[in-house]
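**Student:** Okay, so here is data-v8.cif, and as you'll see once you scroll down, it has mmCIF, C-alpha atoms.
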```cif
data_run
loop_
_atom_site.group_PDB
_atom_site.id
_atom_site.type_symbol
_atom_site.label_atom_id
_atom_site.label_comp_id
_atom_site.auth_asym_id
_atom_site.auth_seq_id
_atom_site.Cartn_x
_atom_site.Cartn_y
_atom_site.Cartn_z
ATOM 1 C CA MET A 235 -16.112 2.843 9.091
ATOM 2 C CA LYS A 236 -13.686 1.686 6.407
ATOM 3 C CA ARG A 237 -10.225 3.109 7.158
ATOM 4 C CA ALA A 238 -6.956 2.505 5.347
ATOM 5 C CA LEU A 239 -3.556 4.161 5.055
ATOM 6 C CA LEU A 240 -1.657 3.387 1.856
ATOM 7 C CA MET A 241 1.869 4.733 2.175
ATOM 8 C CA SER A 242 4.294 5.152 -0.697
ATOM 9 C CA SER A 243 7.369 4.118 1.254
ATOM 10 C CA SER A 244 8.801 3.055 4.599
ATOM 11 C CA ARG A 245 11.374 5.840 4.501
ATOM 12 C CA MET A 246 11.624 9.418 3.331
ATOM 13 C CA GLY A 247 14.953 11.026 2.509
ATOM 14 C CA GLN A 248 17.536 10.319 5.198
ATOM 15 C CA LEU A 249 15.002 9.503 7.918
ATOM 16 C CA GLY A 250 14.873 6.091 9.562
ATOM 17 C CA TYR A 251 12.350 3.305 9.099
ATOM 18 C CA LEU A 252 8.793 4.745 9.314
ATOM 19 C CA GLU A 253 10.274 7.800 11.045
ATOM 20 C CA HIS A 254 8.347 10.123 8.732
ATOM 21 C CA ALA A 255 5.075 8.276 9.302
ATOM 22 C CA GLU A 256 4.218 8.979 12.953
ATOM 23 C CA GLN A 257 1.360 11.392 12.282
ATOM 24 C CA GLN A 258 0.134 9.315 9.343
ATOM 25 C CA LEU A 259 -0.124 6.238 11.580
ATOM 26 C CA HIS A 260 -1.887 8.239 14.304
ATOM 27 C CA THR A 261 -4.385 9.454 11.699
ATOM 28 C CA LEU A 262 -5.266 5.835 10.980
ATOM 29 C CA PHE A 263 -5.021 4.218 14.404
ATOM 30 C CA GLN A 264 -6.024 7.267 16.484
ATOM 31 C CA HIS A 265 -3.718 6.170 19.339
ATOM 32 C CA ASP A 266 -5.812 3.011 19.777
ATOM 33 C CA ALA A 267 -4.191 -0.122 18.357
ATOM 34 C CA ASP A 268 -2.720 -2.462 20.948
ATOM 35 C CA GLU A 269 -2.688 -5.513 18.674
ATOM 36 C CA VAL A 270 -1.692 -4.940 15.052
ATOM 37 C CA LEU A 271 -1.306 -8.080 12.935
ATOM 38 C CA PHE A 272 1.763 -7.659 10.734
ATOM 39 C CA ILE A 273 2.093 -9.451 7.378
ATOM 40 C CA PRO A 274 5.794 -9.761 6.348
ATOM 41 C CA TYR A 275 5.204 -11.796 3.171
ATOM 42 C CA ALA A 276 6.911 -9.251 0.884
ATOM 43 C CA ALA A 277 10.279 -10.030 2.466
ATOM 44 C CA VAL A 278 12.562 -12.043 0.171
ATOM 45 C CA SER A 279 16.218 -11.419 1.017
ATOM 46 C CA PHE A 280 15.703 -11.241 4.793
ATOM 47 C CA SER A 281 13.703 -13.259 7.320
ATOM 48 C CA PHE A 282 10.185 -12.694 8.601
ATOM 49 C CA ASP A 283 11.694 -12.527 12.111
ATOM 50 C CA ASP A 284 13.968 -9.658 11.094
ATOM 51 C CA PHE A 285 11.145 -7.854 9.308
ATOM 52 C CA GLU A 286 8.897 -8.149 12.350
ATOM 53 C CA ASN A 287 11.601 -6.765 14.635
ATOM 54 C CA ILE A 288 12.175 -3.718 12.411
ATOM 55 C CA VAL A 289 8.479 -2.848 12.160
ATOM 56 C CA LYS A 290 7.680 -3.708 15.776
ATOM 57 C CA THR A 291 10.361 -1.310 17.007
ATOM 58 C CA ALA A 292 8.869 1.516 14.945
ATOM 59 C CA PHE A 293 5.276 0.780 15.940
ATOM 60 C CA GLU A 294 6.081 0.477 19.649
ATOM 61 C CA ARG A 295 7.845 3.843 19.470
ATOM 62 C CA TYR A 296 4.491 5.354 18.524
ATOM 63 C CA GLY A 297 2.510 3.376 21.101
ATOM 64 C CA TYR A 298 1.203 0.461 19.022
ATOM 65 C CA GLY A 299 1.634 -3.254 19.687
ATOM 66 C CA LEU A 300 2.463 -5.595 16.803
ATOM 67 C CA GLN A 301 2.892 -9.309 16.140
ATOM 68 C CA SER A 302 3.657 -11.026 12.843
ATOM 69 C CA ILE A 303 1.266 -13.483 11.234
ATOM 70 C CA HIS A 304 4.062 -16.039 10.880
ATOM 71 C CA ARG A 305 3.922 -16.527 14.659
ATOM 72 C CA PHE A 306 0.449 -18.074 14.286
ATOM 73 C CA SER A 307 -0.179 -21.680 13.231
ATOM 74 C CA ASP A 308 -3.384 -20.706 11.399
ATOM 75 C CA PRO A 309 -3.087 -17.554 9.216
ATOM 76 C CA VAL A 310 -6.812 -17.553 8.434
ATOM 77 C CA ALA A 311 -7.729 -17.559 12.115
ATOM 78 C CA ALA A 312 -5.146 -14.845 12.759
ATOM 79 C CA VAL A 313 -6.804 -12.574 10.195
ATOM 80 C CA LYS A 314 -10.300 -13.431 11.454
ATOM 81 C CA ASN A 315 -9.270 -12.388 14.973
ATOM 82 C CA ALA A 316 -7.176 -9.363 13.997
ATOM 83 C CA LYS A 317 -8.088 -5.895 15.218
ATOM 84 C CA ALA A 318 -5.802 -4.089 12.736
ATOM 85 C CA ILE A 319 -3.519 -5.155 9.876
ATOM 86 C CA ALA A 320 -0.172 -3.818 8.663
ATOM 87 C CA VAL A 321 1.430 -5.077 5.438
ATOM 88 C CA GLY A 322 5.074 -4.255 4.843
ATOM 89 C CA GLY A 323 6.993 -3.538 1.663
ATOM 90 C CA GLY A 324 9.309 -5.673 -0.412
ATOM 91 C CA ASN A 325 8.421 -7.658 -3.524
ATOM 92 C CA THR A 326 4.777 -7.298 -4.541
ATOM 93 C CA PHE A 327 4.646 -10.575 -6.485
ATOM 94 C CA ALA A 328 6.027 -12.588 -3.572
ATOM 95 C CA LEU A 329 3.622 -10.826 -1.211
ATOM 96 C CA LEU A 330 0.497 -11.512 -3.251
ATOM 97 C CA ASN A 331 1.564 -15.096 -3.964
ATOM 98 C CA ARG A 332 1.955 -15.804 -0.242
ATOM 99 C CA LEU A 333 -1.384 -14.150 0.548
ATOM 100 C CA TYR A 334 -2.992 -16.554 -1.920
ATOM 101 C CA GLN A 335 -1.042 -19.527 -0.571
ATOM 102 C CA ASN A 336 -2.423 -18.798 2.894
ATOM 103 C CA ASN A 337 -5.995 -18.229 1.636
ATOM 104 C CA ILE A 338 -6.361 -14.756 3.118
ATOM 105 C CA VAL A 339 -6.797 -12.459 0.095
ATOM 106 C CA GLU A 340 -10.608 -12.409 0.137
ATOM 107 C CA LEU A 341 -10.748 -12.433 3.929
ATOM 108 C CA ILE A 342 -8.553 -9.350 4.350
ATOM 109 C CA SER A 343 -10.435 -7.559 1.583
ATOM 110 C CA GLN A 344 -13.805 -8.334 3.132
ATOM 111 C CA ARG A 345 -12.873 -7.338 6.675
ATOM 112 C CA VAL A 346 -11.230 -4.054 5.667
ATOM 113 C CA ASN A 347 -13.927 -3.064 3.164
ATOM 114 C CA ASP A 348 -16.662 -3.876 5.692
ATOM 115 C CA GLY A 349 -15.024 -1.523 8.189
ATOM 116 C CA GLU A 350 -14.152 -4.280 10.659
ATOM 117 C CA LEU A 351 -10.485 -3.360 11.004
ATOM 118 C CA PRO A 352 -8.080 -0.632 9.820
ATOM 119 C CA TYR A 353 -5.388 -1.411 7.263
ATOM 120 C CA VAL A 354 -1.973 0.118 6.734
ATOM 121 C CA GLY A 355 0.419 -0.843 3.948
ATOM 122 C CA TRP A 356 3.550 0.659 2.499
ATOM 123 C CA SER A 357 5.202 0.075 -0.869
ATOM 124 C CA ALA A 358 4.212 -3.508 -1.810
ATOM 125 C CA GLY A 359 1.653 -3.368 0.982
ATOM 126 C CA SER A 360 0.012 -0.469 -0.832
ATOM 127 C CA ASN A 361 0.246 -2.162 -4.232
ATOM 128 C CA VAL A 362 -1.779 -5.158 -3.000
ATOM 129 C CA ALA A 363 -4.428 -2.828 -1.560
ATOM 130 C CA THR A 364 -5.472 -1.831 -5.097
ATOM 131 C CA PRO A 365 -7.667 -3.904 -7.464
ATOM 132 C CA THR A 366 -4.632 -5.572 -9.088
ATOM 133 C CA ILE A 367 -0.830 -5.428 -8.932
ATOM 134 C CA ARG A 368 -0.494 -4.302 -12.564
ATOM 135 C CA THR A 369 1.149 -0.973 -11.617
ATOM 136 C CA THR A 370 3.806 -2.222 -9.211
ATOM 137 C CA ASN A 371 7.440 -1.336 -9.924
ATOM 138 C CA ASP A 372 8.660 -4.780 -8.871
ATOM 139 C CA MET A 373 10.155 -7.657 -10.823
ATOM 140 C CA PRO A 374 7.853 -10.710 -11.159
ATOM 141 C CA ILE A 375 10.128 -13.137 -9.324
ATOM 142 C CA VAL A 376 7.191 -15.518 -8.733
ATOM 143 C CA GLN A 377 3.838 -15.956 -10.486
ATOM 144 C CA PRO A 378 0.799 -15.520 -8.223
ATOM 145 C CA PRO A 379 -2.398 -17.385 -9.123
ATOM 146 C CA SER A 380 -3.873 -14.038 -10.132
ATOM 147 C CA PHE A 381 -2.926 -10.368 -10.306
ATOM 148 C CA ASN A 382 -6.204 -9.567 -8.514
ATOM 149 C CA ALA A 383 -5.495 -8.083 -5.111
ATOM 150 C CA LEU A 384 -7.357 -6.678 -2.084
ATOM 151 C CA ASN A 385 -9.401 -3.981 -3.842
ATOM 152 C CA ILE A 386 -9.403 -1.678 -0.814
ATOM 153 C CA THR A 387 -9.064 1.302 -3.112
ATOM 154 C CA PRO A 388 -11.030 1.118 -6.387
ATOM 155 C CA PHE A 389 -8.187 2.347 -8.600
ATOM 156 C CA GLN A 390 -4.575 1.451 -9.304
ATOM 157 C CA MET A 391 -1.683 3.131 -7.492
ATOM 158 C CA ASN A 392 2.036 3.566 -8.103
ATOM 159 C CA PRO A 393 4.124 3.997 -4.931
ATOM 160 C CA HIS A 394 7.735 5.207 -4.902
ATOM 161 C CA PHE A 395 6.993 7.534 -7.798
ATOM 162 C CA ILE A 396 10.006 9.417 -9.119
ATOM 163 C CA SER A 397 9.820 11.732 -12.100
ATOM 164 C CA GLY A 398 12.188 11.657 -15.063
ATOM 165 C CA LYS A 399 15.260 9.525 -15.662
ATOM 166 C CA PRO A 400 18.465 9.183 -13.648
ATOM 167 C CA VAL A 401 21.563 10.388 -15.448
ATOM 168 C CA GLY A 402 22.790 7.708 -17.840
ATOM 169 C CA HIS A 403 19.516 5.742 -17.829
ATOM 170 C CA ASN A 404 18.251 5.049 -21.339
ATOM 171 C CA GLY A 405 15.211 2.979 -20.429
ATOM 172 C CA GLU A 406 11.684 4.244 -19.877
ATOM 173 C CA SER A 407 10.877 6.764 -17.170
ATOM 174 C CA ARG A 408 8.131 6.086 -14.638
ATOM 175 C CA GLU A 409 5.852 8.465 -16.525
ATOM 176 C CA GLU A 410 6.435 6.488 -19.718
ATOM 177 C CA ARG A 411 5.723 3.171 -18.013
ATOM 178 C CA LEU A 412 2.495 4.462 -16.500
ATOM 179 C CA ASN A 413 1.486 5.963 -19.837
ATOM 180 C CA GLU A 414 1.888 2.475 -21.310
ATOM 181 C CA PHE A 415 -0.572 1.167 -18.704
ATOM 182 C CA LEU A 416 -3.061 3.910 -19.535
ATOM 183 C CA SER A 417 -2.679 3.311 -23.259
ATOM 184 C CA ILE A 418 -3.432 -0.409 -22.957
ATOM 185 C CA ASN A 419 -6.111 -0.074 -20.261
ATOM 186 C CA THR A 420 -8.192 2.717 -21.756
ATOM 187 C CA GLY A 421 -10.686 4.238 -19.362
ATOM 188 C CA GLU A 422 -8.643 3.427 -16.259
ATOM 189 C CA GLU A 423 -6.793 6.062 -14.236
ATOM 190 C CA LEU A 424 -4.312 5.804 -11.386
ATOM 191 C CA LEU A 425 -2.761 7.627 -8.450
ATOM 192 C CA ALA A 426 1.022 7.935 -8.080
ATOM 193 C CA LEU A 427 2.633 8.900 -4.776
ATOM 194 C CA TYR A 428 6.030 10.412 -4.082
ATOM 195 C CA GLU A 429 8.045 8.855 -1.275
ATOM 196 C CA GLY A 430 6.867 10.032 2.115
ATOM 197 C CA SER A 431 3.298 10.563 0.905
ATOM 198 C CA ALA A 432 0.259 8.402 1.611
ATOM 199 C CA LEU A 433 -3.378 7.995 0.664
ATOM 200 C CA TYR A 434 -5.687 7.988 3.671
ATOM 201 C CA ILE A 435 -9.135 6.466 3.140
ATOM 202 C CA GLU A 436 -12.277 6.936 5.217
ATOM 203 C CA ASN A 437 -15.227 5.134 3.660
ATOM 204 C CA GLN A 438 -15.488 6.599 0.139
ATOM 205 C CA GLN A 439 -13.308 9.658 0.811
ATOM 206 C CA GLY A 440 -9.576 9.980 0.165
ATOM 207 C CA ARG A 441 -6.936 12.444 1.340
ATOM 208 C CA ILE A 442 -3.234 12.770 0.465
ATOM 209 C CA LEU A 443 -1.033 12.903 3.568
ATOM 210 C CA GLY A 444 2.506 14.246 3.563
ATOM 211 C CA GLU A 445 4.292 17.229 2.095
ATOM 212 C CA LYS A 446 3.839 16.499 -1.619
ATOM 213 C CA GLU A 447 0.866 16.313 -3.907
ATOM 214 C CA GLY A 448 -0.561 13.127 -5.349
ATOM 215 C CA LEU A 449 -0.335 12.663 -9.118
ATOM 216 C CA TRP A 450 -3.605 11.758 -10.845
ATOM 217 C CA PHE A 451 -2.759 10.021 -14.118
ATOM 218 C CA ARG A 452 -5.940 10.523 -16.130
ATOM 219 C CA ALA A 453 -4.749 9.497 -19.595
ATOM 220 C CA PRO A 454 -1.458 9.248 -21.490
ATOM 221 C CA GLU A 455 0.373 12.559 -21.108
ATOM 222 C CA LYS A 456 -2.407 13.957 -18.893
ATOM 223 C CA ILE A 457 -1.534 14.347 -15.205
ATOM 224 C CA ASP A 458 -3.385 16.453 -12.613
ATOM 225 C CA ASN A 459 -2.206 17.223 -9.078
ATOM 226 C CA ILE A 460 -4.162 16.417 -5.917
ATOM 227 C CA ALA A 461 -3.082 18.760 -3.138
ATOM 228 C CA PRO A 462 -2.174 17.390 0.309
ATOM 229 C CA ASN A 463 -5.011 17.309 2.865
ATOM 230 C CA GLN A 464 -7.630 17.945 0.197
ATOM 231 C CA SER A 465 -10.549 15.547 0.616
ATOM 232 C CA PHE A 466 -11.883 13.932 -2.560
ATOM 233 C CA GLU A 467 -14.286 11.176 -3.570
ATOM 234 C CA LEU A 468 -12.429 7.960 -4.367
ATOM 235 C CA SER A 469 -14.752 7.514 -7.333
ATOM 236 C CA MET A 470 -13.154 10.645 -8.850
ATOM 237 C CA ILE A 471 -10.294 8.419 -10.054
ATOM 238 C CA LYS A 472 -11.608 5.815 -12.462
ATOM 239 C CA GLY A 473 -10.891 2.200 -11.650
ATOM 240 C CA VAL A 474 -11.459 -1.038 -13.515
ATOM 241 C CA ASN A 475 -14.397 -0.802 -15.930
#
```
Hey, can you dump this file as structure tokens for me?

**Tutor:**
Amino acid sequence: MKRALLMSSSRMGQLGYLEHAEQQLHTLFQHDADEVLFIPYAAVSFSFDDFENIVKTAFERYGYGLQSIHRFSDPVAAVKNAKAIAVGGGNTFALLNRLYQNNIVELISQRVNDGELPYVGWSAGSNVATPTIRTTNDMPIVQPPSFNALNITPFQMNPHFISGKPVGHNGESREERLNEFLSINTGEELLALYEGSALYIENQQGRILGEKEGLWFRAPEKIDNIAPNQSFELSMIKGVN
């Protein structure tokens, strides 16, 4: 069975790192994940060692073992032998570039989509789980070989969604940016998630986890809500033509 948990964020409100995500992680791992392979490649301003320690502490609190891929001499072999994968947040462009550099983009995609191992990502780790990284919020600090990503979900997503503009901000709002995407890429739709929310995938079914609804951007200026815990067909949201 294909299973994936695509989380909007590592934190919600004033809670600590992944503190809001206990039940979401249990939904994915079902209290049975002793060896989760962690991919810290989105980290830019802090070390992979530090990233691993932060995530490992949170995972062990919920009963899950974790080791970072940078501890292995052969990243391809590490993914081939993995029983579960977690991909942390940070910069999406750096993350995807490093996945390509280590030749594991197609391998992760194949293993997750074939139902061989569960996948959890948050923030950038959710962005790379979509067909491409065209709807990330991040700055392109590096240029990956391609924007094509893991294609675990058939449509684009926008994590960390926040509505409107902060006081004093005269640039585009998130809605306006996503409307630009929809205007250029006619026929495509996308799912935006508030912080603390997640998309849980089982085979071809999706479900929004968390307290808030998912936002289904269907066309410029046309947004529908998807209620939490309401199962829907992933094909309901149109992906790449």

**Student:** Quote the spacing between atom CA of A:Ser343 and atom CA of A:Lys317 in Å to one decimal place.

**Tutor:**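 So the two atoms, atom CA of A:Ser343 and atom CA of A:Lys317, lie 13.9 Å apart.
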
**Student:** Name the residues that the PyMOL selection byres ((chain A and resi 359) around 10) pulls out of this structure, and write them as a list in words.

**Tutor:**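 Taken on the displayed file, the PyMOL selection byres ((chain A and resi 359) around 10) yields the residues Leu240, Met241, Ser242, Ser243, Ile273, Pro274, Tyr275, Ala276, Ala320, Val321, Gly322, Gly323, Gly324, Asn325, Thr326, Leu329, Leu330, Tyr353, Val354, Gly355, Trp356, Ser357, Ala358, Ser360, Asn361, Val362, Ala363, Thr364 and Pro393 of chain A.
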
**Student:** Residues picked by the PyMOL selection byres ((chain A and resi 457) around 12) here, as a list in words?

**Tutor:**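 So the PyMOL selection byres ((chain A and resi 457) around 12) ends up selecting Glu409, Leu412, Asn413, Leu416, Glu423, Leu424, Leu425, Ala426, Glu447, Gly448, Leu449, Trp450, Phe451, Arg452, Ala453, Pro454, Glu455, Lys456, Asp458, Asn459, Ile460 and Ile471 of chain A.
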
**Student:** Using only C-alpha atoms for the distances, tell me which of A:Ala318, A:Leu249, A:Met391, A:Ile386 is nearest to A:Ala432.

**Tutor:**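 Counting only C-alpha atoms, the residue closest to A:Ala432 is A:Met391.
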
**Student:** Between A:Val278, A:Tyr251, A:His265, A:Asp308, which is the closest to A:Thr291 once you count only C-alpha atoms?

**Tutor:**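 Counting only C-alpha atoms, the residue closest to A:Thr291 is A:Tyr251.
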
**Student:** Please define a box with edges along x, y and z of the file around all atoms of stretch 317-323 of chain A given in the file, extend it by 4 Å on each side, and return its centre and edge lengths in Å to one decimal, as AutoDock Vina command-line options.

**Tutor:**
```
--center_x -0.5 --center_y -4.7 --center_z 8.4 --size_x 23.1 --size_y 10.4 --size_z 21.6
```

**Student:** Atom CA of A:Pro400 and atom CA of A:Ser431 are how many Å apart?

**Tutor:**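 Between atom CA of A:Pro400 and atom CA of A:Ser431 the gap works out to 21.1 Å.
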
**Student:** So what does the PyMOL selection byres ((chain A and resi 237) around 8) actually pick up in this one, as a list in words?

**Tutor:** Met235, Lys236, Ala238, Leu239, Leu262, Val346, Gly349, Leu351, Pro352, Tyr353, Tyr434, Ile435, Glu436 and Asn437 of chain A

**Student:** How would stretch 267-295 of chain A of the given structure read as a file with N, CA, C and O atoms, as a PDB file, in the first residue's frame?

**Tutor:**
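Generated file (out.pdb):
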```pdb
ATOM      1  N   ALA A 267       7.836   1.676  13.193  1.00  0.00           N
ATOM      2  CA  ALA A 267       8.920   2.186  12.346  1.00  0.00           C
ATOM      3  C   ALA A 267      10.174   2.325  13.200  1.00  0.00           C
ATOM      4  O   ALA A 267      10.451   3.381  13.763  1.00  0.00           O
ATOM      5  N   ASP A 268      10.936   1.248  13.291  1.00  0.00           N
ATOM      6  CA  ASP A 268      12.140   1.255  14.111  1.00  0.00           C
ATOM      7  C   ASP A 268      13.311   1.925  13.408  1.00  0.00           C
ATOM      8  O   ASP A 268      14.243   2.401  14.061  1.00  0.00           O
ATOM      9  N   GLU A 269      13.291   1.936  12.068  1.00  0.00           N
ATOM     10  CA  GLU A 269      14.422   2.447  11.308  1.00  0.00           C
ATOM     11  C   GLU A 269      13.922   3.388  10.217  1.00  0.00           C
ATOM     12  O   GLU A 269      13.636   2.960   9.103  1.00  0.00           O
ATOM     13  N   VAL A 270      13.830   4.666  10.535  1.00  0.00           N
ATOM     14  CA  VAL A 270      13.439   5.671   9.553  1.00  0.00           C
ATOM     15  C   VAL A 270      14.707   6.323   9.006  1.00  0.00           C
ATOM     16  O   VAL A 270      15.574   6.759   9.768  1.00  0.00           O
ATOM     17  N   LEU A 271      14.825   6.348   7.673  1.00  0.00           N
ATOM     18  CA  LEU A 271      15.961   7.007   7.033  1.00  0.00           C
ATOM     19  C   LEU A 271      15.622   8.483   6.860  1.00  0.00           C
ATOM     20  O   LEU A 271      14.666   8.833   6.158  1.00  0.00           O
ATOM     21  N   PHE A 272      16.403   9.345   7.487  1.00  0.00           N
ATOM     22  CA  PHE A 272      16.156  10.781   7.434  1.00  0.00           C
ATOM     23  C   PHE A 272      17.027  11.435   6.363  1.00  0.00           C
ATOM     24  O   PHE A 272      18.219  11.155   6.250  1.00  0.00           O
ATOM     25  N   ILE A 273      16.430  12.332   5.577  1.00  0.00           N
ATOM     26  CA  ILE A 273      17.155  13.063   4.540  1.00  0.00           C
ATOM     27  C   ILE A 273      17.188  14.544   4.936  1.00  0.00           C
ATOM     28  O   ILE A 273      16.159  15.228   4.894  1.00  0.00           O
ATOM     29  N   PRO A 274      18.367  15.056   5.326  1.00  0.00           N
ATOM     30  CA  PRO A 274      18.496  16.430   5.849  1.00  0.00           C
ATOM     31  C   PRO A 274      18.938  17.442   4.797  1.00  0.00           C
ATOM     32  O   PRO A 274      19.380  18.536   5.145  1.00  0.00           O
ATOM     33  N   TYR A 275      18.805  17.106   3.506  1.00  0.00           N
ATOM     34  CA  TYR A 275      19.435  17.889   2.447  1.00  0.00           C
ATOM     35  C   TYR A 275      18.870  19.298   2.281  1.00  0.00           C
ATOM     36  O   TYR A 275      19.453  20.106   1.551  1.00  0.00           O
ATOM     37  N   ALA A 276      17.752  19.611   2.934  1.00  0.00           N
ATOM     38  CA  ALA A 276      17.204  20.969   2.834  1.00  0.00           C
ATOM     39  C   ALA A 276      17.902  21.941   3.775  1.00  0.00           C
ATOM     40  O   ALA A 276      17.690  23.154   3.685  1.00  0.00           O
ATOM     41  N   ALA A 277      18.734  21.431   4.663  1.00  0.00           N
ATOM     42  CA  ALA A 277      19.439  22.288   5.612  1.00  0.00           C
ATOM     43  C   ALA A 277      20.505  23.105   4.889  1.00  0.00           C
ATOM     44  O   ALA A 277      21.284  22.555   4.105  1.00  0.00           O
ATOM     45  N   VAL A 278      20.568  24.393   5.158  1.00  0.00           N
ATOM     46  CA  VAL A 278      21.555  25.265   4.522  1.00  0.00           C
ATOM     47  C   VAL A 278      22.384  26.008   5.561  1.00  0.00           C
ATOM     48  O   VAL A 278      23.611  26.026   5.497  1.00  0.00           O
ATOM     49  N   SER A 279      21.740  26.616   6.532  1.00  0.00           N
ATOM     50  CA  SER A 279      22.450  27.451   7.504  1.00  0.00           C
ATOM     51  C   SER A 279      22.819  26.695   8.778  1.00  0.00           C
ATOM     52  O   SER A 279      23.358  27.280   9.712  1.00  0.00           O
ATOM     53  N   PHE A 280      22.549  25.384   8.810  1.00  0.00           N
ATOM     54  CA  PHE A 280      22.950  24.564   9.948  1.00  0.00           C
ATOM     55  C   PHE A 280      23.342  23.194   9.421  1.00  0.00           C
ATOM     56  O   PHE A 280      23.036  22.827   8.284  1.00  0.00           O
ATOM     57  N   SER A 281      24.033  22.405  10.246  1.00  0.00           N
ATOM     58  CA  SER A 281      24.654  21.170   9.768  1.00  0.00           C
ATOM     59  C   SER A 281      23.654  20.022   9.700  1.00  0.00           C
ATOM     60  O   SER A 281      22.610  20.024  10.354  1.00  0.00           O
ATOM     61  N   PHE A 282      24.004  19.013   8.901  1.00  0.00           N
ATOM     62  CA  PHE A 282      23.199  17.798   8.844  1.00  0.00           C
ATOM     63  C   PHE A 282      23.191  17.103  10.198  1.00  0.00           C
ATOM     64  O   PHE A 282      22.180  16.501  10.590  1.00  0.00           O
ATOM     65  N   ASP A 283      24.304  17.159  10.933  1.00  0.00           N
ATOM     66  CA  ASP A 283      24.356  16.572  12.277  1.00  0.00           C
ATOM     67  C   ASP A 283      23.319  17.218  13.188  1.00  0.00           C
ATOM     68  O   ASP A 283      22.570  16.521  13.900  1.00  0.00           O
ATOM     69  N   ASP A 284      23.270  18.545  13.171  1.00  0.00           N
ATOM     70  CA  ASP A 284      22.309  19.255  14.024  1.00  0.00           C
ATOM     71  C   ASP A 284      20.874  18.936  13.614  1.00  0.00           C
ATOM     72  O   ASP A 284      20.010  18.744  14.483  1.00  0.00           O
ATOM     73  N   PHE A 285      20.633  18.892  12.307  1.00  0.00           N
ATOM     74  CA  PHE A 285      19.285  18.592  11.826  1.00  0.00           C
ATOM     75  C   PHE A 285      18.860  17.198  12.273  1.00  0.00           C
ATOM     76  O   PHE A 285      17.738  16.987  12.749  1.00  0.00           O
ATOM     77  N   GLU A 286      19.758  16.240  12.124  1.00  0.00           N
ATOM     78  CA  GLU A 286      19.448  14.871  12.551  1.00  0.00           C
ATOM     79  C   GLU A 286      19.113  14.821  14.033  1.00  0.00           C
ATOM     80  O   GLU A 286      18.150  14.155  14.441  1.00  0.00           O
ATOM     81  N   ASN A 287      19.880  15.516  14.852  1.00  0.00           N
ATOM     82  CA  ASN A 287      19.640  15.484  16.297  1.00  0.00           C
ATOM     83  C   ASN A 287      18.265  16.047  16.655  1.00  0.00           C
ATOM     84  O   ASN A 287      17.567  15.502  17.517  1.00  0.00           O
ATOM     85  N   ILE A 288      17.874  17.135  15.993  1.00  0.00           N
ATOM     86  CA  ILE A 288      16.570  17.749  16.267  1.00  0.00           C
ATOM     87  C   ILE A 288      15.440  16.783  15.922  1.00  0.00           C
ATOM     88  O   ILE A 288      14.508  16.570  16.714  1.00  0.00           O
ATOM     89  N   VAL A 289      15.514  16.191  14.732  1.00  0.00           N
ATOM     90  CA  VAL A 289      14.434  15.309  14.276  1.00  0.00           C
ATOM     91  C   VAL A 289      14.452  13.990  15.036  1.00  0.00           C
ATOM     92  O   VAL A 289      13.396  13.456  15.399  1.00  0.00           O
ATOM     93  N   LYS A 290      15.634  13.476  15.303  1.00  0.00           N
ATOM     94  CA  LYS A 290      15.745  12.201  16.029  1.00  0.00           C
ATOM     95  C   LYS A 290      15.131  12.312  17.414  1.00  0.00           C
ATOM     96  O   LYS A 290      14.437  11.389  17.875  1.00  0.00           O
ATOM     97  N   THR A 291      15.356  13.416  18.089  1.00  0.00           N
ATOM     98  CA  THR A 291      14.770  13.621  19.418  1.00  0.00           C
ATOM     99  C   THR A 291      13.251  13.574  19.360  1.00  0.00           C
ATOM    100  O   THR A 291      12.605  12.938  20.198  1.00  0.00           O
ATOM    101  N   ALA A 292      12.673  14.232  18.352  1.00  0.00           N
ATOM    102  CA  ALA A 292      11.218  14.237  18.208  1.00  0.00           C
ATOM    103  C   ALA A 292      10.691  12.852  17.859  1.00  0.00           C
ATOM    104  O   ALA A 292       9.693  12.387  18.438  1.00  0.00           O
ATOM    105  N   PHE A 293      11.334  12.173  16.928  1.00  0.00           N
ATOM    106  CA  PHE A 293      10.857  10.851  16.521  1.00  0.00           C
ATOM    107  C   PHE A 293      10.965   9.840  17.662  1.00  0.00           C
ATOM    108  O   PHE A 293      10.048   9.029  17.872  1.00  0.00           O
ATOM    109  N   GLU A 294      12.071   9.872  18.391  1.00  0.00           N
ATOM    110  CA  GLU A 294      12.240   8.922  19.498  1.00  0.00           C
ATOM    111  C   GLU A 294      11.217   9.166  20.586  1.00  0.00           C
ATOM    112  O   GLU A 294      10.790   8.223  21.274  1.00  0.00           O
ATOM    113  N   ARG A 295      10.790  10.416  20.753  1.00  0.00           N
ATOM    114  CA  ARG A 295       9.751  10.727  21.737  1.00  0.00           C
ATOM    115  C   ARG A 295       8.449   9.996  21.415  1.00  0.00           C
ATOM    116  O   ARG A 295       7.688   9.636  22.304  1.00  0.00           O
TER     117      ARG A 295
END
```
